[in-house]
file my_file00.csv (CSV, C-alpha atoms)
chain,number,residue,atom,x,y,z
A,862,MET,CA,0.0,0.0,0.0
A,863,SER,CA,1.4,3.4,-1.0
A,864,GLY,CA,1.9,6.2,1.5
A,865,SER,CA,-1.1,8.2,0.3
A,866,ALA,CA,-3.3,5.1,0.5
A,867,ARG,CA,-2.3,4.5,4.1
A,868,VAL,CA,-3.0,8.1,5.0
A,869,SER,CA,-6.4,7.8,3.3
A,870,ALA,CA,-7.3,4.6,5.1
A,871,LEU,CA,-6.3,6.2,8.5
A,872,LEU,CA,-8.4,9.3,7.7
A,873,GLU,CA,-11.4,7.2,6.7
A,874,ARG,CA,-11.2,5.2,9.9
A,875,ALA,CA,-10.9,8.4,12.0
A,876,VAL,CA,-13.8,10.1,10.3
A,877,LEU,CA,-16.1,7.1,10.7
A,878,ARG,CA,-15.2,6.7,14.4
A,879,ARG,CA,-16.3,10.3,15.1
A,880,ALA,CA,-19.4,10.2,12.9
A,881,HIS,CA,-22.8,10.3,14.6
A,882,ALA,CA,-24.4,9.1,11.4
A,883,VAL,CA,-23.1,7.6,8.1
A,884,THR,CA,-25.0,7.5,4.8
A,885,THR,CA,-24.2,5.4,1.7
A,886,ALA,CA,-25.8,5.4,-1.7
A,887,THR,CA,-26.3,1.6,-1.9
A,888,GLU,CA,-27.1,-1.3,0.5
A,889,GLU,CA,-24.0,-3.1,-0.9
A,890,PHE,CA,-21.7,-0.2,0.1
A,891,ARG,CA,-23.3,-0.1,3.5
A,892,SER,CA,-22.7,-3.8,4.0
A,893,ALA,CA,-19.1,-3.4,2.9
A,894,LEU,CA,-18.5,-0.6,5.4
A,895,LEU,CA,-20.0,-2.6,8.3
A,896,GLU,CA,-17.8,-5.5,7.4
A,897,ARG,CA,-14.6,-3.4,7.2
A,898,PHE,CA,-15.3,-1.4,10.3
A,899,PRO,CA,-16.9,-3.6,13.1
A,900,PHE,CA,-16.9,-0.6,15.5
A,901,LEU,CA,-19.7,1.0,13.4
A,902,ASP,CA,-23.2,0.8,14.9
A,903,PRO,CA,-25.5,-0.6,12.1
A,904,ALA,CA,-28.4,1.5,13.3
A,905,ARG,CA,-26.4,4.7,12.5
A,906,VAL,CA,-25.3,3.6,9.0
A,907,VAL,CA,-28.1,4.3,6.6
A,908,ALA,CA,-28.4,3.6,2.8
A,909,ILE,CA,-30.2,6.4,0.9
A,910,PRO,CA,-30.0,6.0,-2.9
A,911,ASN,CA,-29.7,8.6,-5.5
A,912,GLY,CA,-32.9,9.6,-7.3
A,913,TYR,CA,-34.6,11.8,-9.8
A,914,ASP,CA,-36.0,15.3,-9.6
A,915,PRO,CA,-39.6,15.5,-10.9
A,916,GLU,CA,-39.0,19.1,-12.0
A,917,ASP,CA,-36.6,17.9,-14.6
A,918,PHE,CA,-39.5,16.3,-16.5
A,919,HIS,CA,-42.1,19.0,-16.5
A,920,THR,CA,-41.8,20.0,-20.1
A,921,GLU,CA,-43.2,18.0,-22.9
A,922,LEU,CA,-40.4,15.7,-24.0
A,923,PRO,CA,-39.7,14.4,-27.6
A,924,SER,CA,-40.6,10.9,-28.8
A,925,PRO,CA,-38.2,8.5,-30.5
A,926,PRO,CA,-38.0,8.5,-34.3
A,927,SER,CA,-39.9,5.9,-36.3
A,928,GLY,CA,-37.3,5.1,-39.0
A,929,ARG,CA,-34.4,3.9,-36.9
A,930,PHE,CA,-33.8,2.4,-33.4
A,931,VAL,CA,-31.9,4.8,-31.2
A,932,LEU,CA,-30.0,3.6,-28.2
A,933,THR,CA,-28.4,6.4,-26.0
A,934,TYR,CA,-25.8,6.6,-23.3
A,935,ALA,CA,-25.4,9.8,-21.1
A,936,GLY,CA,-22.4,10.2,-18.9
A,937,THR,CA,-18.6,10.1,-18.9
A,938,VAL,CA,-17.0,7.1,-20.5
A,939,PHE,CA,-13.9,6.1,-18.5
A,940,ARG,CA,-12.4,3.0,-16.9
A,941,LEU,CA,-15.4,2.2,-14.7
A,942,THR,CA,-17.9,2.8,-17.6
A,943,SER,CA,-15.9,1.5,-20.5
A,944,ALA,CA,-17.9,0.7,-23.7
A,945,HIS,CA,-15.4,-1.7,-25.3
A,946,GLY,CA,-17.7,-4.7,-24.8
A,947,LEU,CA,-20.6,-2.8,-26.3
A,948,VAL,CA,-18.5,-1.7,-29.4
A,949,ARG,CA,-17.4,-5.3,-29.9
A,950,GLY,CA,-21.0,-6.5,-29.7
A,951,VAL,CA,-22.1,-3.9,-32.3
A,952,ARG,CA,-19.3,-5.1,-34.6
A,953,LEU,CA,-20.5,-8.7,-34.2
A,954,LEU,CA,-24.0,-7.6,-35.0
A,955,HIS,CA,-22.9,-5.9,-38.2
A,956,GLU,CA,-20.9,-9.0,-39.2
A,957,ARG,CA,-23.9,-11.4,-38.6
A,958,GLU,CA,-26.9,-9.3,-39.6
A,959,PRO,CA,-25.7,-6.3,-41.6
A,960,GLU,CA,-29.2,-5.3,-42.9
A,961,LEU,CA,-30.8,-5.4,-39.5
A,962,ALA,CA,-27.8,-3.6,-38.0
A,963,LYS,CA,-28.5,-0.6,-40.3
A,964,LEU,CA,-31.5,0.2,-38.2
A,965,LEU,CA,-29.3,0.9,-35.1
A,966,GLU,CA,-28.0,4.3,-34.0
A,967,ILE,CA,-26.1,4.5,-30.8
A,968,ARG,CA,-25.6,8.0,-29.3
A,969,PHE,CA,-23.0,8.8,-26.7
A,970,ILE,CA,-23.6,12.0,-24.7
A,971,GLY,CA,-20.7,13.2,-22.5
A,972,ARG,CA,-16.9,13.1,-22.4
A,973,ILE,CA,-15.0,10.0,-23.5
A,974,VAL,CA,-11.6,10.0,-21.8
A,975,ASP,CA,-8.4,9.6,-23.9
A,976,THR,CA,-7.8,6.1,-22.6
A,977,GLU,CA,-11.2,4.9,-23.8
A,978,ALA,CA,-11.3,6.8,-27.1
A,979,HIS,CA,-9.4,4.2,-29.2
A,980,TYR,CA,-12.3,1.7,-28.7
A,981,PHE,CA,-14.4,4.1,-30.8
A,982,ASP,CA,-12.0,4.1,-33.8
A,983,GLY,CA,-14.1,3.5,-37.0
A,984,SER,CA,-17.3,3.2,-35.0
A,985,GLU,CA,-19.1,5.9,-37.1
A,986,ALA,CA,-19.6,3.2,-39.7
A,987,LEU,CA,-21.4,1.1,-37.0
A,988,GLY,CA,-23.9,3.9,-36.4
A,989,ILE,CA,-22.2,5.1,-33.2
A,990,CYS,CA,-22.5,8.9,-32.8
A,991,ARG,CA,-20.5,10.9,-30.2
A,992,LEU,CA,-22.4,14.0,-29.3
A,993,GLY,CA,-20.1,15.3,-26.7
A,994,TYR,CA,-21.1,17.3,-23.6
A,995,LEU,CA,-24.7,18.6,-23.5
A,996,GLU,CA,-26.5,20.7,-20.9
A,997,HIS,CA,-28.6,18.5,-18.5
A,998,SER,CA,-32.0,19.5,-20.0
A,999,ARG,CA,-30.7,18.7,-23.5
A,1000,ALA,CA,-29.3,15.3,-22.3
A,1001,VAL,CA,-32.7,14.5,-20.9
A,1002,GLU,CA,-34.4,15.3,-24.2
A,1003,GLU,CA,-31.9,13.1,-26.0
A,1004,LEU,CA,-32.7,10.2,-23.6
A,1005,ALA,CA,-36.4,10.8,-24.1
A,1006,ALA,CA,-35.9,10.7,-27.9
A,1007,SER,CA,-34.5,7.2,-27.7
A,1008,HIS,CA,-36.1,3.8,-27.9
A,1009,ALA,CA,-33.8,2.5,-25.2
A,1010,VAL,CA,-31.0,3.7,-23.0
A,1011,LEU,CA,-27.6,2.3,-21.9
A,1012,CYS,CA,-26.2,2.0,-18.4
A,1013,LEU,CA,-22.5,1.0,-18.4
A,1014,LEU,CA,-20.3,-0.5,-15.6
A,1015,ASP,CA,-17.3,-2.4,-16.6
A,1016,ASP,CA,-16.1,-5.6,-14.9
A,1017,VAL,CA,-13.6,-4.0,-12.5
A,1018,SER,CA,-13.2,-4.2,-8.7
A,1019,GLY,CA,-15.7,-2.2,-6.7
A,1020,VAL,CA,-18.4,-1.6,-9.2
A,1021,GLU,CA,-20.6,-4.3,-7.6
A,1022,ARG,CA,-21.3,-1.8,-4.8
A,1023,ILE,CA,-22.3,1.2,-7.0
A,1024,TYR,CA,-24.7,2.3,-9.7
A,1025,PRO,CA,-24.7,5.3,-12.0
A,1026,ALA,CA,-27.1,8.1,-10.8
A,1027,LYS,CA,-28.5,8.4,-14.3
A,1028,ILE,CA,-30.4,5.1,-13.8
A,1029,PHE,CA,-33.0,6.9,-11.8
A,1030,GLU,CA,-33.7,9.5,-14.5
A,1031,ILE,CA,-34.0,6.5,-16.9
A,1032,MET,CA,-36.6,5.0,-14.6
A,1033,GLN,CA,-38.6,8.3,-14.6
A,1034,LEU,CA,-38.4,8.6,-18.4
A,1035,GLY,CA,-39.8,5.1,-18.8
A,1036,ARG,CA,-37.4,4.1,-21.5
A,1037,PRO,CA,-36.1,0.5,-21.3
A,1038,CYS,CA,-32.6,0.1,-20.1
A,1039,LEU,CA,-29.8,-2.1,-21.5
A,1040,ALA,CA,-27.6,-2.5,-18.4
A,1041,LEU,CA,-24.1,-3.8,-19.3
A,1042,THR,CA,-22.9,-4.5,-15.8
A,1043,PRO,CA,-21.5,-7.3,-13.6
A,1044,GLU,CA,-23.7,-8.7,-10.9
A,1045,GLY,CA,-24.1,-6.3,-8.0
A,1046,ALA,CA,-26.1,-3.2,-7.0
A,1047,LEU,CA,-27.0,-2.0,-10.5
A,1048,ALA,CA,-28.0,-5.5,-11.7
A,1049,LYS,CA,-30.2,-6.0,-8.7
A,1050,LEU,CA,-31.8,-2.5,-9.1
A,1051,VAL,CA,-32.6,-3.1,-12.8
A,1052,ARG,CA,-34.2,-6.5,-12.2
A,1053,ARG,CA,-36.1,-5.5,-9.0
A,1054,HIS,CA,-37.8,-2.5,-10.7
A,1055,ARG,CA,-38.1,-4.1,-14.1
A,1056,VAL,CA,-36.1,-1.4,-15.7
A,1057,GLY,CA,-34.7,-3.5,-18.5
A,1058,GLU,CA,-32.2,-6.2,-19.3
A,1059,VAL,CA,-28.9,-7.1,-17.6
A,1060,ILE,CA,-25.9,-8.4,-19.6
A,1061,ALA,CA,-22.3,-8.9,-18.6
A,1062,PRO,CA,-20.4,-5.9,-19.9
A,1063,ARG,CA,-17.7,-7.9,-21.8
A,1064,ASP,CA,-19.9,-10.6,-23.3
A,1065,ALA,CA,-19.9,-9.3,-26.9
A,1066,ASP,CA,-21.9,-12.3,-28.1
A,1067,ALA,CA,-24.7,-11.8,-25.6
A,1068,ILE,CA,-24.7,-8.0,-26.4
A,1069,ALA,CA,-25.0,-8.7,-30.1
A,1070,ARG,CA,-27.9,-11.1,-29.5
A,1071,ALA,CA,-29.7,-8.6,-27.3
A,1072,LEU,CA,-29.4,-5.8,-29.8
A,1073,SER,CA,-30.6,-8.2,-32.6
A,1074,ARG,CA,-33.7,-9.0,-30.6
A,1075,MET,CA,-34.4,-5.3,-29.8
A,1076,LEU,CA,-34.0,-4.4,-33.5
A,1077,ARG,CA,-36.3,-7.2,-34.6
A,1078,GLU,CA,-39.0,-6.1,-32.1
A,1079,PHE,CA,-38.6,-2.6,-33.3
A,1080,ARG,CA,-38.8,-3.6,-37.0
A,1081,ASP,CA,-41.9,-5.8,-36.4
A,1082,GLY,CA,-43.6,-3.2,-34.2
A,1083,SER,CA,-43.5,-5.2,-31.0
A,1084,PRO,CA,-43.2,-3.5,-27.6
A,1085,VAL,CA,-39.6,-3.4,-26.3
A,1086,ALA,CA,-40.3,-3.6,-22.5
A,1087,GLN,CA,-42.8,-3.1,-19.8
A,1088,PRO,CA,-42.6,0.2,-17.7
A,1089,ALA,CA,-40.5,0.2,-14.6
A,1090,ILE,CA,-42.3,-0.4,-11.3
A,1091,ASP,CA,-42.1,1.1,-7.8
A,1092,ILE,CA,-39.9,4.0,-8.6
A,1093,GLU,CA,-41.7,6.6,-6.4
A,1094,ARG,CA,-39.3,5.8,-3.6
A,1095,PHE,CA,-36.5,7.5,-5.7
A,1096,ASP,CA,-38.3,10.9,-5.9
A,1097,ARG,CA,-35.7,13.3,-4.3
A,1098,ARG,CA,-38.4,14.8,-2.2
A,1099,VAL,CA,-38.8,11.4,-0.5
A,1100,GLN,CA,-35.1,11.2,-0.1
A,1101,ALA,CA,-34.9,14.7,1.4
A,1102,ARG,CA,-37.2,13.5,4.2
A,1103,GLN,CA,-35.0,10.5,4.8
A,1104,PHE,CA,-31.9,12.7,5.1
A,1105,ALA,CA,-33.8,14.9,7.5
A,1106,ASP,CA,-34.6,11.9,9.7
A,1107,VAL,CA,-30.9,10.9,9.7
A,1108,PHE,CA,-29.8,14.5,10.6
A,1109,ARG,CA,-32.3,14.6,13.5
A,1110,ALA,CA,-31.1,11.3,14.8
A,1111,ALA,CA,-27.5,12.4,14.5
A,1112,VAL,CA,-28.2,15.6,16.5
A,1113,GLU,CA,-30.0,13.6,19.2
A,1114,GLN,CA,-27.0,11.2,19.4
A,1115,ALA,CA,-24.5,14.1,19.6
A,1116,ARG,CA,-26.5,15.8,22.4
A,1117,ALA,CA,-26.7,12.5,24.3

call {"tool": "encode", "arguments": {"input": "my_file00.csv", "output": "structure tokens"}}
result
Amino acid sequence: MSGSARVSALLERAVLRRAHAVTTATEEFRSALLERFPFLDPARVVAIPNGYDPEDFHTELPSPPSGRFVLTYAGTVFRLTSAHGLVRGVRLLHEREPELAKLLEIRFIGRIVDTEAHYFDGSEALGICRLGYLEHSRAVEELAASHAVLCLLDDVSGVERIYPAKIFEIMQLGRPCLALTPEGALAKLVRRHRVGEVIAPRDADAIARALSRMLREFRDGSPVAQPAIDIERFDRRVQARQFADVFRAAVEQARA
């Protein structure tokens, strides 16, 4: 362990020992904390997930086009959200079913870091478009104008405890999600709330087969997926009340 890592670990332990309350974004992260730091009182470690703001969806949003199937990703592409498995899957789809693949357009909104950019070399010919950074309202519009949306988490250590915050806006929009992720917090969330389909992020063959199925359903006029269920708990007004309860309990603990 490097010197900076040792200092970080000591600071983490010191902060947690002095905390009257601790919040995490996932139950998986909460469980990991309690396992690593047995001195923590489980009653004072609370998981409150990210969520969506209903005010972001007040305006009338666009609908997807009818002539092609649009799949959109919004967020930074970096080591944890690498798209290399997806791009390989799209290449396989074009090799196997070139006519069907012509219906597919994949849009990437946001920054693609230099270490990931080479995976996109020549991808324009596969129908992959890189739109760059967009303001949040524009990004929401692009997601709404899609038949399905992407969530990416590559198979690297630690991702089993997290999920991208964008998944909750996807829930609110009602667009089916293709979640390319290892088993963990995101996979459980997608399945529990019927948000979409989960595929291992580096399984190019399974990704190609899933895209083929989605494109056939689109071409034949079949519904892509059922709406997500039980998403009201992720309304940020609900979460604000949860945070308020945690703060009140922490204050009472400190006074005691």

call {"tool": "residues_around", "arguments": {"input": "my_file00.csv", "residues": "Thr885 (chain A)", "least_positions_apart": "2", "cutoff": "9 Å", "atoms": "only C-alpha atoms", "output": "list in words"}}
result
Val883, Thr887, Glu888, Glu889, Phe890, Arg891, Val906, Val907, Ala908, Ile909 and Pro910 of chain A

call {"tool": "closest_residue", "arguments": {"input": "my_file00.csv", "among": "A:Lys1027, A:Arg952, A:Arg968, A:Arg1036", "to": "His997 (chain A)", "atoms": "all atoms listed in the file"}}
result
A:Lys1027

call {"tool": "residues_around", "arguments": {"input": "my_file00.csv", "residues": "Leu1050 (chain A)", "least_positions_apart": "5", "cutoff": "12 Å", "atoms": "only C-alpha atoms", "output": "PDB file with C-alpha atoms, in the frame of the given file"}}
result
ATOM      1  CA  THR A 887     -26.300   1.600  -1.900  1.00  0.00           C
ATOM      2  CA  GLU A 888     -27.100  -1.300   0.500  1.00  0.00           C
ATOM      3  CA  GLU A 889     -24.000  -3.100  -0.900  1.00  0.00           C
ATOM      4  CA  PRO A 910     -30.000   6.000  -2.900  1.00  0.00           C
ATOM      5  CA  ASN A 911     -29.700   8.600  -5.500  1.00  0.00           C
ATOM      6  CA  CYS A1012     -26.200   2.000 -18.400  1.00  0.00           C
ATOM      7  CA  GLU A1021     -20.600  -4.300  -7.600  1.00  0.00           C
ATOM      8  CA  ARG A1022     -21.300  -1.800  -4.800  1.00  0.00           C
ATOM      9  CA  ILE A1023     -22.300   1.200  -7.000  1.00  0.00           C
ATOM     10  CA  TYR A1024     -24.700   2.300  -9.700  1.00  0.00           C
ATOM     11  CA  PRO A1025     -24.700   5.300 -12.000  1.00  0.00           C
ATOM     12  CA  ALA A1026     -27.100   8.100 -10.800  1.00  0.00           C
ATOM     13  CA  ILE A1028     -30.400   5.100 -13.800  1.00  0.00           C
ATOM     14  CA  PHE A1029     -33.000   6.900 -11.800  1.00  0.00           C
ATOM     15  CA  MET A1032     -36.600   5.000 -14.600  1.00  0.00           C
ATOM     16  CA  CYS A1038     -32.600   0.100 -20.100  1.00  0.00           C
ATOM     17  CA  ALA A1040     -27.600  -2.500 -18.400  1.00  0.00           C
ATOM     18  CA  THR A1042     -22.900  -4.500 -15.800  1.00  0.00           C
ATOM     19  CA  GLU A1044     -23.700  -8.700 -10.900  1.00  0.00           C
ATOM     20  CA  GLY A1045     -24.100  -6.300  -8.000  1.00  0.00           C
ATOM     21  CA  ARG A1055     -38.100  -4.100 -14.100  1.00  0.00           C
ATOM     22  CA  VAL A1056     -36.100  -1.400 -15.700  1.00  0.00           C
ATOM     23  CA  GLY A1057     -34.700  -3.500 -18.500  1.00  0.00           C
ATOM     24  CA  GLU A1058     -32.200  -6.200 -19.300  1.00  0.00           C
ATOM     25  CA  VAL A1059     -28.900  -7.100 -17.600  1.00  0.00           C
ATOM     26  CA  ALA A1089     -40.500   0.200 -14.600  1.00  0.00           C
ATOM     27  CA  ILE A1090     -42.300  -0.400 -11.300  1.00  0.00           C
ATOM     28  CA  ASP A1091     -42.100   1.100  -7.800  1.00  0.00           C
ATOM     29  CA  ILE A1092     -39.900   4.000  -8.600  1.00  0.00           C
ATOM     30  CA  PHE A1095     -36.500   7.500  -5.700  1.00  0.00           C
TER      31      PHE A1095
END

call {"tool": "closest_residue", "arguments": {"input": "my_file00.csv", "among": "A:Val938, A:Ala986, A:Ala893, A:Leu1072", "to": "Leu1039 (chain A)", "atoms": "only C-alpha atoms"}}
result
A:Leu1072

call {"tool": "residues_around", "arguments": {"input": "my_file00.csv", "residues": "Leu922 (chain A)", "least_positions_apart": "6", "cutoff": "8 Å", "atoms": "all atoms listed in the file", "output": "list in words"}}
result
Glu1002, Ala1005 and Ala1006 of chain A

call {"tool": "residues_around", "arguments": {"input": "my_file00.csv", "residues": "Ser984 (chain A)", "least_positions_apart": "3", "cutoff": "10 Å", "atoms": "only C-alpha atoms", "output": "list in words"}}
result
Val948, Arg949, Val951, Arg952, Ile967, His979, Tyr980, Phe981, Leu987, Gly988, Ile989, Cys990 and Arg991 of chain A

call {"tool": "residues_around", "arguments": {"input": "my_file00.csv", "residues": "region 942-947 of chain A", "least_positions_apart": "3", "cutoff": "10 Å", "atoms": "all atoms listed in the file", "output": "ChimeraX atom specification"}}
result
/A:934,936-939,950-953,973-974,976-981,1011-1017,1020,1025,1041-1042,1061-1069,1072

call {"tool": "closest_residue", "arguments": {"input": "my_file00.csv", "among": "A:Arg1098, A:Arg1080, A:Arg879, A:Arg940", "to": "Ser927 (chain A)", "atoms": "all atoms listed in the file"}}
result
A:Arg1080

call {"tool": "atom_distance", "arguments": {"input": "my_file00.csv", "atom1": "CA of Gly928 (chain A)", "atom2": "CA of Leu965 (chain A)"}}
result
9.8 Å

call {"tool": "closest_residue", "arguments": {"input": "my_file00.csv", "among": "A:Ser1007, A:Arg905, A:Glu896, A:Ala886", "to": "Glu1113 (chain A)", "atoms": "all atoms listed in the file"}}
result
A:Arg905

call {"tool": "atom_distance", "arguments": {"input": "my_file00.csv", "atom1": "CA of Ala962 (chain A)", "atom2": "CA of Arg1077 (chain A)"}}
result
9.8 Å

call {"tool": "closest_residue", "arguments": {"input": "my_file00.csv", "among": "A:Gln1033, A:Ala875, A:Lys1049, A:Arg929", "to": "Arg1094 (chain A)", "atoms": "only C-alpha atoms"}}
result
A:Gln1033

call {"tool": "atom_distance", "arguments": {"input": "my_file00.csv", "atom1": "CA of Ala882 (chain A)", "atom2": "CA of Ala904 (chain A)"}}
result
8.8 Å

call {"tool": "closest_residue", "arguments": {"input": "my_file00.csv", "among": "A:Leu995, A:Val1107, A:Leu871, A:Val931", "to": "Pro1037 (chain A)", "atoms": "all atoms listed in the file"}}
result
A:Val931
